[in-house]
Each structure stands twice: as structure tokens, then as C-alpha cells.
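input-v7.cif (mmCIF, C-alpha atoms) appears below.
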```cif
data_run
loop_
_atom_site.group_PDB
_atom_site.id
_atom_site.type_symbol
_atom_site.label_atom_id
_atom_site.label_comp_id
_atom_site.auth_asym_id
_atom_site.auth_seq_id
_atom_site.Cartn_x
_atom_site.Cartn_y
_atom_site.Cartn_z
ATOM 1 C CA MET A 1 12.855 -0.606 11.980
ATOM 2 C CA LYS A 2 12.286 -0.324 15.726
ATOM 3 C CA THR A 3 11.713 3.077 17.284
ATOM 4 C CA ARG A 4 14.277 4.576 19.644
ATOM 5 C CA ILE A 5 12.525 5.565 22.833
ATOM 6 C CA ASN A 6 13.151 8.337 25.307
ATOM 7 C CA PRO A 7 13.098 6.741 28.792
ATOM 8 C CA GLU A 8 12.000 10.031 30.351
ATOM 9 C CA ASP A 9 8.792 9.945 28.298
ATOM 10 C CA VAL A 10 8.010 6.467 29.629
ATOM 11 C CA PHE A 11 8.834 7.541 33.196
ATOM 12 C CA ARG A 12 6.320 10.393 32.913
ATOM 13 C CA ILE A 13 3.631 8.076 31.576
ATOM 14 C CA VAL A 14 4.132 5.592 34.432
ATOM 15 C CA ASP A 15 4.202 8.313 37.069
ATOM 16 C CA LYS A 16 1.008 9.848 35.673
ATOM 17 C CA HIS A 17 -1.002 6.624 36.014
ATOM 18 C CA ASN A 18 0.771 4.452 38.570
ATOM 19 C CA ASN A 19 -1.667 5.144 41.409
ATOM 20 C CA SER A 20 -4.873 5.112 39.361
ATOM 21 C CA GLN A 21 -7.385 2.303 38.884
ATOM 22 C CA GLY A 22 -6.641 0.217 35.808
ATOM 23 C CA ALA A 23 -3.167 1.718 35.710
ATOM 24 C CA ILE A 24 -1.459 -0.875 33.518
ATOM 25 C CA ILE A 25 -4.003 -0.596 30.709
ATOM 26 C CA SER A 26 -3.793 3.205 30.822
ATOM 27 C CA ILE A 27 0.018 3.121 30.855
ATOM 28 C CA LEU A 28 0.159 0.810 27.847
ATOM 29 C CA GLU A 29 -2.430 2.917 26.002
ATOM 30 C CA ASP A 30 -0.282 6.009 26.455
ATOM 31 C CA VAL A 31 2.926 4.204 25.478
ATOM 32 C CA GLN A 32 1.286 2.955 22.289
ATOM 33 C CA ALA A 33 -0.172 6.404 21.567
ATOM 34 C CA THR A 34 3.365 7.816 21.837
ATOM 35 C CA TYR A 35 5.174 5.231 19.694
ATOM 36 C CA ASN A 36 2.283 3.700 17.696
ATOM 37 C CA TYR A 37 3.163 0.291 19.192
ATOM 38 C CA LEU A 38 4.621 -1.142 22.419
ATOM 39 C CA PRO A 39 8.437 -1.202 22.144
ATOM 40 C CA GLU A 40 10.085 -3.893 24.249
ATOM 41 C CA ALA A 41 12.447 -1.312 25.754
ATOM 42 C CA ALA A 42 9.453 0.716 26.947
ATOM 43 C CA LEU A 43 7.799 -2.385 28.433
ATOM 44 C CA ARG A 44 10.979 -3.155 30.361
ATOM 45 C CA ILE A 45 10.921 0.341 31.848
ATOM 46 C CA VAL A 46 7.245 -0.032 32.781
ATOM 47 C CA ALA A 47 7.979 -3.386 34.426
ATOM 48 C CA SER A 48 10.892 -1.940 36.403
ATOM 49 C CA ARG A 49 8.794 0.951 37.768
ATOM 50 C CA THR A 50 5.649 -1.020 38.610
ATOM 51 C CA SER A 51 4.889 -4.200 40.492
ATOM 52 C CA HIS A 52 4.262 -6.102 37.254
ATOM 53 C CA SER A 53 6.676 -8.488 35.584
ATOM 54 C CA LEU A 54 7.607 -8.274 31.917
ATOM 55 C CA VAL A 55 5.670 -11.524 31.407
ATOM 56 C CA ASP A 56 2.559 -9.856 32.860
ATOM 57 C CA LEU A 57 2.904 -6.931 30.476
ATOM 58 C CA PHE A 58 3.366 -9.149 27.439
ATOM 59 C CA GLY A 59 0.297 -11.089 28.558
ATOM 60 C CA VAL A 60 -1.813 -7.924 28.600
ATOM 61 C CA ALA A 61 -0.349 -6.709 25.315
ATOM 62 C CA THR A 62 -1.158 -9.960 23.513
ATOM 63 C CA PHE A 63 -4.600 -10.382 25.093
ATOM 64 C CA TYR A 64 -6.031 -7.045 23.923
ATOM 65 C CA ARG A 65 -6.206 -6.641 20.148
ATOM 66 C CA SER A 66 -5.811 -2.886 20.427
ATOM 67 C CA PHE A 67 -2.141 -3.330 21.412
ATOM 68 C CA SER A 68 0.640 -4.108 18.974
ATOM 69 C CA LEU A 69 4.149 -5.331 19.759
ATOM 70 C CA GLU A 70 5.393 -4.413 16.283
ATOM 71 C CA PRO A 71 5.500 -0.970 14.643
ATOM 72 C CA ARG A 72 2.437 -0.362 12.505
ATOM 73 C CA GLY A 73 1.637 2.399 10.085
ATOM 74 C CA LYS A 74 -0.788 5.250 10.463
ATOM 75 C CA HIS A 75 -2.728 3.621 7.624
ATOM 76 C CA ILE A 76 -3.624 -0.070 7.277
ATOM 77 C CA ALA A 77 -3.855 -1.518 3.754
ATOM 78 C CA SER A 78 -5.060 -5.050 3.059
ATOM 79 C CA VAL A 79 -5.443 -6.981 -0.190
ATOM 80 C CA CYS A 80 -7.856 -9.898 -0.391
ATOM 81 C CA MET A 81 -6.173 -13.084 -1.646
ATOM 82 C CA GLY A 82 -9.247 -15.324 -1.465
ATOM 83 C CA THR A 83 -10.051 -17.586 -4.416
ATOM 84 C CA ALA A 84 -12.494 -15.190 -6.102
ATOM 85 C CA CYS A 85 -10.085 -12.259 -5.867
ATOM 86 C CA HIS A 86 -7.077 -14.393 -6.764
ATOM 87 C CA VAL A 87 -8.520 -15.555 -10.084
ATOM 88 C CA ARG A 88 -9.337 -11.907 -10.936
ATOM 89 C CA GLY A 89 -5.764 -10.755 -10.466
ATOM 90 C CA SER A 90 -5.301 -9.887 -6.799
ATOM 91 C CA ARG A 91 -1.703 -11.124 -6.881
ATOM 92 C CA GLN A 92 -0.786 -8.363 -9.339
ATOM 93 C CA VAL A 93 -2.696 -5.839 -7.217
ATOM 94 C CA LEU A 94 -0.716 -6.946 -4.165
ATOM 95 C CA LYS A 95 2.539 -6.574 -6.104
ATOM 96 C CA SER A 96 1.520 -3.024 -7.026
ATOM 97 C CA PHE A 97 0.916 -2.194 -3.360
ATOM 98 C CA GLU A 98 4.302 -3.691 -2.472
ATOM 99 C CA ASP A 99 6.039 -1.746 -5.252
ATOM 100 C CA ASN A 100 4.366 1.560 -4.350
ATOM 101 C CA LEU A 101 5.065 1.188 -0.628
ATOM 102 C CA ARG A 102 8.433 -0.572 -1.092
ATOM 103 C CA VAL A 103 7.488 -3.144 1.511
ATOM 104 C CA LYS A 104 6.390 -6.768 1.414
ATOM 105 C CA ALA A 105 3.030 -7.908 2.757
ATOM 106 C CA GLY A 106 3.242 -8.198 6.523
ATOM 107 C CA GLY A 107 5.506 -5.185 6.850
ATOM 108 C CA THR A 108 5.340 -1.445 7.395
ATOM 109 C CA SER A 109 6.768 1.191 5.056
ATOM 110 C CA THR A 110 10.010 2.828 6.171
ATOM 111 C CA ASP A 111 8.272 6.177 6.694
ATOM 112 C CA GLY A 112 5.792 4.545 9.072
ATOM 113 C CA GLU A 113 2.803 5.644 6.997
ATOM 114 C CA PHE A 114 1.395 2.298 5.785
ATOM 115 C CA SER A 115 1.238 -1.275 7.047
ATOM 116 C CA LEU A 116 0.442 -3.827 4.343
ATOM 117 C CA SER A 117 -1.198 -7.210 4.861
ATOM 118 C CA THR A 118 -3.165 -9.879 3.015
ATOM 119 C CA VAL A 119 -6.478 -11.378 4.089
ATOM 120 C CA ASN A 120 -8.193 -14.589 3.009
ATOM 121 C CA CYS A 121 -11.632 -13.074 2.447
ATOM 122 C CA VAL A 122 -13.434 -9.779 3.093
ATOM 123 C CA GLY A 123 -16.906 -11.079 2.210
ATOM 124 C CA ALA A 124 -17.150 -9.205 -1.096
ATOM 125 C CA CYS A 125 -16.273 -11.944 -3.568
ATOM 126 C CA ALA A 126 -18.385 -10.540 -6.410
ATOM 127 C CA LEU A 127 -16.438 -7.263 -6.278
ATOM 128 C CA GLY A 128 -12.924 -8.669 -6.530
ATOM 129 C CA PRO A 129 -10.137 -7.905 -6.609
ATOM 130 C CA VAL A 130 -10.807 -6.048 -3.358
ATOM 131 C CA ALA A 131 -8.428 -3.859 -1.351
ATOM 132 C CA VAL A 132 -9.238 -2.286 2.012
ATOM 133 C CA VAL A 133 -7.434 0.844 3.199
ATOM 134 C CA ASP A 134 -8.337 2.320 6.599
ATOM 135 C CA GLY A 135 -11.690 0.533 6.433
ATOM 136 C CA ASP A 136 -12.603 1.842 2.973
ATOM 137 C CA TYR A 137 -13.353 -0.918 0.446
ATOM 138 C CA TYR A 138 -12.101 -0.587 -3.139
ATOM 139 C CA ARG A 139 -13.634 -2.979 -5.646
ATOM 140 C CA ASN A 140 -12.465 -4.269 -9.034
ATOM 141 C CA VAL A 141 -8.996 -2.879 -8.264
ATOM 142 C CA LYS A 142 -6.416 -2.861 -11.052
ATOM 143 C CA ASP A 143 -2.709 -2.508 -10.423
ATOM 144 C CA GLY A 144 -2.845 0.985 -11.970
ATOM 145 C CA ASP A 145 -5.378 2.096 -9.336
ATOM 146 C CA VAL A 146 -3.116 1.512 -6.368
ATOM 147 C CA SER A 147 -1.121 4.751 -6.348
ATOM 148 C CA GLY A 148 -4.363 6.770 -6.399
ATOM 149 C CA ILE A 149 -5.797 4.734 -3.533
ATOM 150 C CA LEU A 150 -2.705 5.360 -1.423
ATOM 151 C CA ASP A 151 -2.686 9.068 -2.299
ATOM 152 C CA ARG A 152 -6.312 9.400 -1.188
ATOM 153 C CA ALA A 153 -5.565 7.771 2.168
ATOM 154 C CA SER A 154 -2.645 10.154 2.730
ATOM 155 C CA ARG A 155 -4.666 13.237 1.783
ATOM 156 C CA ILE A 156 -7.551 12.551 4.165
ATOM 157 C CA ASP A 157 -5.315 11.686 7.118
ATOM 158 C CA GLY A 158 -5.287 15.162 8.709
ATOM 159 C CA ALA A 159 -4.812 14.343 12.378
ATOM 160 C CA LEU A 160 -5.962 17.826 13.410
ATOM 161 C CA LYS A 161 -7.712 20.437 11.280
ATOM 162 C CA MET A 162 -8.380 23.852 12.738
ATOM 163 C CA THR A 163 -11.760 25.523 12.417
ATOM 164 C CA ASP A 164 -12.441 29.264 12.574
ATOM 165 C CA ASP A 165 -12.820 28.953 16.354
ATOM 166 C CA GLU A 166 -9.389 28.208 17.820
ATOM 167 C CA ARG A 167 -11.011 26.554 20.843
ATOM 168 C CA VAL A 168 -12.699 23.923 18.655
ATOM 169 C CA PHE A 169 -10.831 21.788 16.131
ATOM 170 C CA ALA A 170 -11.629 18.751 14.026
ATOM 171 C CA VAL A 171 -10.053 15.406 14.851
ATOM 172 C CA SER A 172 -9.657 12.362 12.634
ATOM 173 C CA VAL A 173 -10.075 9.222 14.737
ATOM 174 C CA SER A 174 -9.841 5.480 14.255
ATOM 175 C CA CYS A 175 -10.645 2.290 16.139
ATOM 176 C CA PRO A 176 -7.857 1.187 18.530
ATOM 177 C CA SER A 177 -8.497 -2.465 17.635
ATOM 178 C CA CYS A 178 -8.589 -2.481 13.818
ATOM 179 C CA ASN A 179 -7.119 1.001 13.132
ATOM 180 C CA ARG A 180 -9.921 1.764 10.669
ATOM 181 C CA SER A 181 -11.277 5.264 10.391
ATOM 182 C CA LEU A 182 -14.471 5.994 12.328
ATOM 183 C CA LEU A 183 -15.343 9.073 10.264
ATOM 184 C CA ASN A 184 -18.445 8.957 8.080
ATOM 185 C CA ASP A 185 -18.245 11.243 5.036
ATOM 186 C CA GLU A 186 -21.958 10.713 4.304
ATOM 187 C CA HIS A 187 -23.014 12.614 7.424
ATOM 188 C CA LEU A 188 -21.506 16.061 7.973
ATOM 189 C CA LEU A 189 -21.812 18.447 10.897
ATOM 190 C CA ASP A 190 -20.655 22.011 10.229
ATOM 191 C CA GLY A 191 -18.941 20.660 7.134
ATOM 192 C CA HIS A 192 -16.976 17.975 8.971
ATOM 193 C CA PRO A 193 -17.547 14.176 8.819
ATOM 194 C CA MET A 194 -19.152 12.795 11.951
ATOM 195 C CA ILE A 195 -17.746 9.936 14.048
ATOM 196 C CA ARG A 196 -19.914 6.840 13.501
ATOM 197 C CA VAL A 197 -19.973 4.102 16.158
ATOM 198 C CA THR A 198 -22.439 1.521 17.441
ATOM 199 C CA ALA A 199 -24.069 2.118 20.810
ATOM 200 C CA SER A 200 -25.769 -0.236 23.255
ATOM 201 C CA PHE A 201 -27.699 0.547 26.439
ATOM 202 C CA GLY A 202 -30.449 -1.421 28.163
ATOM 203 C CA ARG A 203 -32.141 -3.390 25.377
ATOM 204 C CA LYS A 204 -31.347 -0.816 22.717
ATOM 205 C CA HIS A 205 -28.648 -1.364 20.117
ATOM 206 C CA GLY A 206 -28.139 1.027 17.204
ATOM 207 C CA TRP A 207 -25.998 3.676 15.589
ATOM 208 C CA ILE A 208 -24.759 6.880 17.151
ATOM 209 C CA ARG A 209 -22.900 9.755 15.498
ATOM 210 C CA LEU A 210 -20.626 12.103 17.437
ATOM 211 C CA SER A 211 -19.285 15.469 16.379
ATOM 212 C CA SER A 212 -15.671 15.233 15.191
ATOM 213 C CA LEU A 213 -15.021 18.731 16.539
ATOM 214 C CA TYR A 214 -13.150 18.410 19.809
ATOM 215 C CA GLY A 215 -15.008 20.430 22.427
ATOM 216 C CA ASP A 216 -18.370 20.012 20.642
ATOM 217 C CA TYR A 217 -20.824 17.675 22.420
ATOM 218 C CA ARG A 218 -23.526 17.354 19.769
ATOM 219 C CA ILE A 219 -24.639 13.821 18.892
ATOM 220 C CA GLN A 220 -27.180 12.091 16.672
ATOM 221 C CA SER A 221 -28.487 8.676 17.669
ATOM 222 C CA GLU A 222 -30.903 6.048 16.449
ATOM 223 C CA TYR A 223 -32.558 5.918 19.884
ATOM 224 C CA ALA A 224 -33.077 8.612 22.494
ATOM 225 C CA ILE A 225 -30.516 8.109 25.272
ATOM 226 C CA PRO A 226 -31.772 9.029 28.775
ATOM 227 C CA LYS A 227 -29.494 11.312 30.747
ATOM 228 C CA GLY A 228 -27.302 9.454 33.222
ATOM 229 C CA VAL A 229 -27.322 6.136 31.329
ATOM 230 C CA VAL A 230 -23.937 4.487 30.711
ATOM 231 C CA VAL A 231 -23.618 3.578 27.039
ATOM 232 C CA HIS A 232 -21.403 0.859 25.569
ATOM 233 C CA PHE A 233 -19.668 1.881 22.338
ATOM 234 C CA PHE A 234 -18.434 -0.496 19.626
ATOM 235 C CA CYS A 235 -16.505 -0.178 16.372
ATOM 236 C CA PRO A 236 -18.987 -0.582 13.487
ATOM 237 C CA ARG A 237 -16.321 -2.347 11.417
ATOM 238 C CA CYS A 238 -14.599 -4.910 13.693
ATOM 239 C CA HIS A 239 -17.256 -4.745 16.488
ATOM 240 C CA ALA A 240 -14.649 -4.436 19.239
ATOM 241 C CA GLU A 241 -15.804 -2.499 22.306
ATOM 242 C CA LEU A 242 -14.194 0.946 22.445
ATOM 243 C CA ARG A 243 -13.492 0.808 26.162
ATOM 244 C CA SER A 244 -10.576 2.325 28.011
ATOM 245 C CA GLY A 245 -9.044 1.216 31.292
ATOM 246 C CA ARG A 246 -9.774 4.628 32.847
ATOM 247 C CA LEU A 247 -12.791 5.883 34.737
ATOM 248 C CA CYS A 248 -14.277 9.335 34.396
ATOM 249 C CA PRO A 249 -13.013 11.524 37.274
ATOM 250 C CA ASP A 250 -16.397 13.249 37.504
ATOM 251 C CA CYS A 251 -18.847 10.348 37.547
ATOM 252 C CA ASP A 252 -16.742 7.117 37.701
ATOM 253 C CA ALA A 253 -18.243 5.794 34.463
ATOM 254 C CA PRO A 254 -15.946 3.908 32.064
ATOM 255 C CA THR A 255 -14.390 6.017 29.336
ATOM 256 C CA ILE A 256 -14.215 5.069 25.662
ATOM 257 C CA LEU A 257 -10.957 5.207 23.734
ATOM 258 C CA LEU A 258 -10.412 6.542 20.203
ATOM 259 C CA LEU A 259 -7.081 6.834 18.394
ATOM 260 C CA VAL A 260 -6.186 10.197 16.885
ATOM 261 C CA ARG A 261 -4.782 9.582 13.425
ATOM 262 C CA GLY A 262 -1.228 10.861 13.407
ATOM 263 C CA GLY A 263 -0.651 10.087 17.086
ATOM 264 C CA GLY A 264 -2.451 10.368 20.407
ATOM 265 C CA THR A 265 -5.783 9.379 21.910
ATOM 266 C CA ILE A 266 -9.133 10.825 22.881
ATOM 267 C CA GLN A 267 -11.137 9.427 25.771
ATOM 268 C CA LEU A 268 -14.798 10.271 26.271
ATOM 269 C CA CYS A 269 -17.035 9.576 29.241
ATOM 270 C CA SER A 270 -19.627 6.922 28.405
ATOM 271 C CA ARG A 271 -22.333 8.379 30.669
ATOM 272 C CA SER A 272 -24.994 10.333 28.801
ATOM 273 C CA GLY A 273 -24.901 13.975 29.836
ATOM 274 C CA CYS A 274 -21.336 13.933 31.193
ATOM 275 C CA LYS A 275 -19.018 16.144 29.161
ATOM 276 C CA GLN A 276 -15.642 14.876 30.325
ATOM 277 C CA HIS A 277 -13.248 14.575 27.376
ATOM 278 C CA PHE A 278 -9.515 13.898 27.457
ATOM 279 C CA LEU A 279 -7.169 14.656 24.570
ATOM 280 C CA ASP A 280 -3.609 13.325 24.732
ATOM 281 C CA LEU A 281 -1.417 13.870 21.672
ATOM 282 C CA GLY A 282 1.405 11.837 23.162
ATOM 283 C CA GLY A 283 3.725 14.823 23.412
#
```

When written as C-alpha cells, how does the structure in this file appear?
Amino acid sequence: MKTRINPEDVFRIVDKHNNSQGAIISILEDVQATYNYLPEAALRIVASRTSHSLVDLFGVATFYRSFSLEPRGKHIASVCMGTACHVRGSRQVLKSFEDNLRVKAGGTSTDGEFSLSTVNCVGACALGPVAVVDGDYYRNVKDGDVSGILDRASRIDGALKMTDDERVFAVSVSCPSCNRSLLNDEHLLDGHPMIRVTASFGRKHGWIRLSSLYGDYRIQSEYAIPKGVVVHFFCPRCHAELRSGRLCPDCDAPTILLLVRGGGTIQLCSRSGCKQHFLDLGG
């Protein structure tokens, strides 16, 4: 079911970015953060208030994998239907997902919580049947396991969790390209999972962990990052670059884009030492 849009919300988004560099990308990012996809009605409004045609906007939306022209759930569930998984019963596992979510593969549940898809192979043939939910792999899945898997994904969603300090709160973020969670439960900071991404600068390429507390600038990294260096950030799961169309207003470095689970975006300056952060909950 398509989302009904409020034209005034789209007007405000366009007016906020229309005179900035990389405006179209930023406008579409904010529209998607508001509606969780790019509704055609919203694109028509954007086209009417900018110098871009509807064809131009569809071209951008289909070129970048982070954009979606169809509603998608807060959670992404996939069932492997490759040969190894198929012979171990993945078809029954898929049916259990469809029954629990009341949606066929390729669709999104009516409450907008889950999108369900099938994949040909996830590279874990010895572990089949395999299901992947928000980037977490579940092996040897039986149809009776599915409801528990879905419950776990719903429980750990938590778009925003308050800490004892009201100025600092935990955020749950995902990749804008594959929608998989970027939180790493194996590494905690003040009791909260850290954000795990891949970083590249100069000839260095390795992991970096960021605090998931908004307003906290602590990081851990495989390599020491000199102050002032611009770092490229990538999703460790789909390897897409986490780059926004905006520039930092303080230092003109590119900003990186993370999706806030439950709606909204966070953008962080990619220059080491710069503390510019932007939180937009799409309200």
C-alpha cells in the first residue's frame, strides 16, 4: 500500500536544500527518510519546485542503490533459495516467513515492519537453510524458528534509546544501501553496541568503530587516523560507500550518511577531528 504524503512536508524539504550543493541528492535523502521510500507523488512535487524533470529524478533514484521507489520495511528479511538450501527445506522456511508476515516474497508487510525477499545464494551453503534478517545470518533454520527470528528483530529495533544523560542518547543505525544494521553487539561502549564500518584513507584500509551514542565522538580504529584527514566509510556487509550528497558546513568535507532505524538519518563529517553531526528524524 502506497503512503499518502503531505505536500507541505515535501515543500519544506525542497526549500531547505534547494540552494545547496548536491541539492537533489539531499532532497531525495530527506524524502526517503520521511516516507522510507520515494513516493511518485513526492517526486512530482520535487520536480515542479526545482529545475529537474521527473525523468531526471527517476534516473537518480534508480542509479543509487540507497533509494527505493517502492515502500520497504524497517527490517529486511531474506531466505536463501539456492540449491544447497533448497534441498534442505528452504521452501518450507520461506512459507513460514510468508505465513508469519502475511506477505509473499517480494512484498512488505501491511504494518511496514518487514520486507521479505528471496536470494539465490548467500555464500553459506554448508549452513543451509539460511535466512538473513537485518544482516544477521541464521543457519539450519527450521520453519518453527521463524517466529522467534522475527520477534528478535522487532525487539532490538529501538530507533532511539535514552541514556541517563538526556543530552546523549543511543541510536540504532543501518546502511542506506542494504538496510542492514551497522551495530556490533560484540563490542560495547558504555553498555551500548558500537557502530562498525570499514574505513579507507591514504593506503590504509581497515575497520573503525564509532560510538552509537549521539553526541559522543569516541572511536576505535584499526589504524591511527591523523587529524584533518578525510576518511572514506563503507558498509562492511554490502561494501557500498556511505557517502551523502552534502558537505560539512564547517570544513567542506563530504559527510557520511546512516539511516536511523525507525525513520530519519544521521550525517557525520568524514574529516578526522571535525565534530559536525546532523540528526534528522524526518519530522

ask   = Near range 258-261 of chain A, counting only C-alpha atoms, which residues have an atom at most 7 Å away, once you skip same-chain residues fewer than 4 positions from it, shown as a PyMOL selection string?
value = chain A and resi 74+157+159+171-176+265-267

Quick one: what's the axis-aligned box for range 113-127 of chain A, all listed atoms, 5 Å on every side, centre and edges in Å to one decimal, as lines of an AutoDock Vina configuration file?
```
center_x = -7.8
center_y = -4.5
center_z = 0.3
size_x = 31.2
size_y = 30.2
size_z = 23.5
```

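Each of A:Ala77, A:Val31, A:Ala126, A:Cys251 was compared to Thr108 in chain A using all atoms listed in the file, and A:Ala77 turns out to be the nearest.
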
message = For a cutoff of 12 Å around the file-coordinate point (4.3, -4.4, 36.4), which residues qualify once you count only C-alpha atoms? I'd like the result as an NGL selection string.
response = :A and (14 or 18 or 22-25 or 27-28 or 42-60)

query = Which is closest to Glu98 in chain A among A:Phe114, A:Leu213, A:Asn36, A:Arg72, if we use all atoms listed in the file?
reply =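 Going through A:Phe114, A:Leu213, A:Asn36, A:Arg72 one by one, the smallest distance to Glu98 in chain A is for A:Phe114.
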
Enumerate, in order of chain and increasing residue number, the residues of range 68-113 of chain A with an atom no farther than 10 Å from range 144-155 of chain A, each with its shortest atom pair and distance in Å to one decimal, counting all atoms listed in the file, as CSV.
```
residue,atom,partner,partner_atom,distance
A:Lys74,CA,A:Ser154,CA,9.3
A:His75,CA,A:Ala153,CA,7.4
A:Ile76,CA,A:Ala153,CA,9.6
A:Ala77,CA,A:Leu150,CA,8.7
A:Gln92,CA,A:Gly144,CA,9.9
A:Val93,CA,A:Val146,CA,7.4
A:Leu94,CA,A:Val146,CA,9.1
A:Lys95,CA,A:Val146,CA,9.9
A:Ser96,CA,A:Val146,CA,6.5
A:Phe97,CA,A:Val146,CA,6.2
A:Glu98,CA,A:Val146,CA,9.9
A:Asp99,CA,A:Ser147,CA,9.7
A:Asn100,CA,A:Ser147,CA,6.7
A:Leu101,CA,A:Leu150,CA,8.9
A:Glu113,CA,A:Ser154,CA,8.3
```

key: Selection: 9 Å around His277 in chain A, only C-alpha atoms, excl. self and same-chain fewer than 6 positions, as a list of chain:residue names   =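 Contacts, in chain order: A:Tyr214, A:Gly215, A:Cys248, A:Thr255, A:Ile266, A:Gln267, A:Leu268, A:Cys269.
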
request  = Could you state which residues are captured by the PyMOL selection byres ((chain A and resi 203) around 12) in this file, as a VMD selection string?
outcome  = chain A and resid 199 to 202 204 to 206 223 225 231 to 232

request  = Find, counting only C-alpha atoms, the residue in A:Arg271, A:Arg196, A:Arg209, A:Arg88 that gets nearest to Arg139 in chain A.
outcome  =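 The closest residue to Arg139 in chain A is A:Arg88.
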
Minimum-distance residue to Val230 in chain A, chosen among A:Leu183, A:Ile256, A:Val87, A:Cys125 (using all atoms listed in the file) = A:Ile256

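Take the candidates A:Leu247, A:Ala240, A:Ala41, A:Leu116 and check each one against Arg102 in chain A using all atoms listed in the file; the shortest distance goes to A:Leu116.
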
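Among the candidates A:Arg218, A:Arg91, A:Arg246, A:Lys142, the residue lying nearest to Ser270 in chain A is A:Arg246 (atoms considered: only C-alpha atoms).
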
query = Skipping near chain neighbours, those fewer than 4 positions away, what residues fall within 9 Å of Gly128 in chain A using all atoms listed in the file, listed as a ChimeraX atom specification?
reply = /A:80,84-90,124,138-141

task = One decimal, Å: what's the distance from CA of Gly228 in chain A over to CA of Pro254 in chain A, could you say?
result = 12.7 Å

key: Residue IDs satisfying the PyMOL selection byres ((chain A and resi 70) around 8), as an MDAnalysis selection string   = chainID A and resid 37:39 68:69 71:72

Export, as an mmCIF file, in the frame of the given file, the selected residues with C-alpha atoms.
```
data_model
loop_
_atom_site.group_PDB
_atom_site.id
_atom_site.type_symbol
_atom_site.label_atom_id
_atom_site.label_comp_id
_atom_site.auth_asym_id
_atom_site.auth_seq_id
_atom_site.Cartn_x
_atom_site.Cartn_y
_atom_site.Cartn_z
ATOM 1 C CA TYR A 37 3.163 0.291 19.192
ATOM 2 C CA LEU A 38 4.621 -1.142 22.419
ATOM 3 C CA PRO A 39 8.437 -1.202 22.144
ATOM 4 C CA SER A 68 0.640 -4.108 18.974
ATOM 5 C CA LEU A 69 4.149 -5.331 19.759
ATOM 6 C CA PRO A 71 5.500 -0.970 14.643
ATOM 7 C CA ARG A 72 2.437 -0.362 12.505
#
```

task = Between CA of Asp30 in chain A and CA of Gly73 in chain A, measure the distance and give it in Å to one decimal.
result =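 Calculated distance between CA of Asp30 in chain A and CA of Gly73 in chain A is 16.9 Å.
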
Model the absent atoms of range 111-125 of chain A so that N, CA, C and O atoms are present, and write the result as a PDB file, in the coordinates of the input.
```pdb
ATOM      1  N   ASP A 111       8.692   4.884   6.143  1.00  0.00           N
ATOM      2  CA  ASP A 111       8.272   6.177   6.694  1.00  0.00           C
ATOM      3  C   ASP A 111       7.190   6.032   7.757  1.00  0.00           C
ATOM      4  O   ASP A 111       6.739   7.020   8.332  1.00  0.00           O
ATOM      5  N   GLY A 112       6.783   4.784   8.026  1.00  0.00           N
ATOM      6  CA  GLY A 112       5.792   4.545   9.072  1.00  0.00           C
ATOM      7  C   GLY A 112       4.373   4.909   8.694  1.00  0.00           C
ATOM      8  O   GLY A 112       3.483   4.897   9.544  1.00  0.00           O
ATOM      9  N   GLU A 113       4.128   5.197   7.412  1.00  0.00           N
ATOM     10  CA  GLU A 113       2.803   5.644   6.997  1.00  0.00           C
ATOM     11  C   GLU A 113       1.830   4.488   6.780  1.00  0.00           C
ATOM     12  O   GLU A 113       0.659   4.573   7.143  1.00  0.00           O
ATOM     13  N   PHE A 114       2.299   3.385   6.166  1.00  0.00           N
ATOM     14  CA  PHE A 114       1.395   2.298   5.785  1.00  0.00           C
ATOM     15  C   PHE A 114       1.907   0.947   6.279  1.00  0.00           C
ATOM     16  O   PHE A 114       3.094   0.650   6.168  1.00  0.00           O
ATOM     17  N   SER A 115       0.990   0.142   6.816  1.00  0.00           N
ATOM     18  CA  SER A 115       1.238  -1.275   7.047  1.00  0.00           C
ATOM     19  C   SER A 115       0.438  -2.057   6.007  1.00  0.00           C
ATOM     20  O   SER A 115      -0.721  -1.724   5.732  1.00  0.00           O
ATOM     21  N   LEU A 116       1.056  -3.058   5.421  1.00  0.00           N
ATOM     22  CA  LEU A 116       0.442  -3.827   4.343  1.00  0.00           C
ATOM     23  C   LEU A 116       0.246  -5.273   4.780  1.00  0.00           C
ATOM     24  O   LEU A 116       1.156  -5.887   5.342  1.00  0.00           O
ATOM     25  N   SER A 117      -0.926  -5.819   4.513  1.00  0.00           N
ATOM     26  CA  SER A 117      -1.198  -7.210   4.861  1.00  0.00           C
ATOM     27  C   SER A 117      -2.089  -7.838   3.798  1.00  0.00           C
ATOM     28  O   SER A 117      -2.651  -7.146   2.938  1.00  0.00           O
ATOM     29  N   THR A 118      -2.216  -9.159   3.866  1.00  0.00           N
ATOM     30  CA  THR A 118      -3.165  -9.879   3.015  1.00  0.00           C
ATOM     31  C   THR A 118      -4.211 -10.529   3.911  1.00  0.00           C
ATOM     32  O   THR A 118      -3.955 -10.823   5.079  1.00  0.00           O
ATOM     33  N   VAL A 119      -5.400 -10.708   3.369  1.00  0.00           N
ATOM     34  CA  VAL A 119      -6.478 -11.378   4.089  1.00  0.00           C
ATOM     35  C   VAL A 119      -7.057 -12.455   3.185  1.00  0.00           C
ATOM     36  O   VAL A 119      -6.964 -12.365   1.953  1.00  0.00           O
ATOM     37  N   ASN A 120      -7.662 -13.473   3.790  1.00  0.00           N
ATOM     38  CA  ASN A 120      -8.193 -14.589   3.009  1.00  0.00           C
ATOM     39  C   ASN A 120      -9.533 -14.275   2.361  1.00  0.00           C
ATOM     40  O   ASN A 120      -9.850 -14.769   1.285  1.00  0.00           O
ATOM     41  N   CYS A 121     -10.340 -13.427   3.015  1.00  0.00           N
ATOM     42  CA  CYS A 121     -11.632 -13.074   2.447  1.00  0.00           C
ATOM     43  C   CYS A 121     -12.185 -11.874   3.200  1.00  0.00           C
ATOM     44  O   CYS A 121     -12.054 -11.786   4.424  1.00  0.00           O
ATOM     45  N   VAL A 122     -12.800 -10.932   2.460  1.00  0.00           N
ATOM     46  CA  VAL A 122     -13.434  -9.779   3.093  1.00  0.00           C
ATOM     47  C   VAL A 122     -14.947  -9.815   2.898  1.00  0.00           C
ATOM     48  O   VAL A 122     -15.645  -8.852   3.195  1.00  0.00           O
ATOM     49  N   GLY A 123     -15.457 -10.931   2.363  1.00  0.00           N
ATOM     50  CA  GLY A 123     -16.906 -11.079   2.210  1.00  0.00           C
ATOM     51  C   GLY A 123     -17.485 -10.288   1.055  1.00  0.00           C
ATOM     52  O   GLY A 123     -18.672  -9.972   1.065  1.00  0.00           O
ATOM     53  N   ALA A 124     -16.660  -9.963   0.064  1.00  0.00           N
ATOM     54  CA  ALA A 124     -17.150  -9.205  -1.096  1.00  0.00           C
ATOM     55  C   ALA A 124     -16.632  -9.867  -2.371  1.00  0.00           C
ATOM     56  O   ALA A 124     -16.070  -9.208  -3.249  1.00  0.00           O
ATOM     57  N   CYS A 125     -16.868 -11.154  -2.487  1.00  0.00           N
ATOM     58  CA  CYS A 125     -16.273 -11.944  -3.568  1.00  0.00           C
ATOM     59  C   CYS A 125     -16.684 -11.463  -4.954  1.00  0.00           C
ATOM     60  O   CYS A 125     -15.900 -11.537  -5.902  1.00  0.00           O
TER      61      CYS A 125
END
```
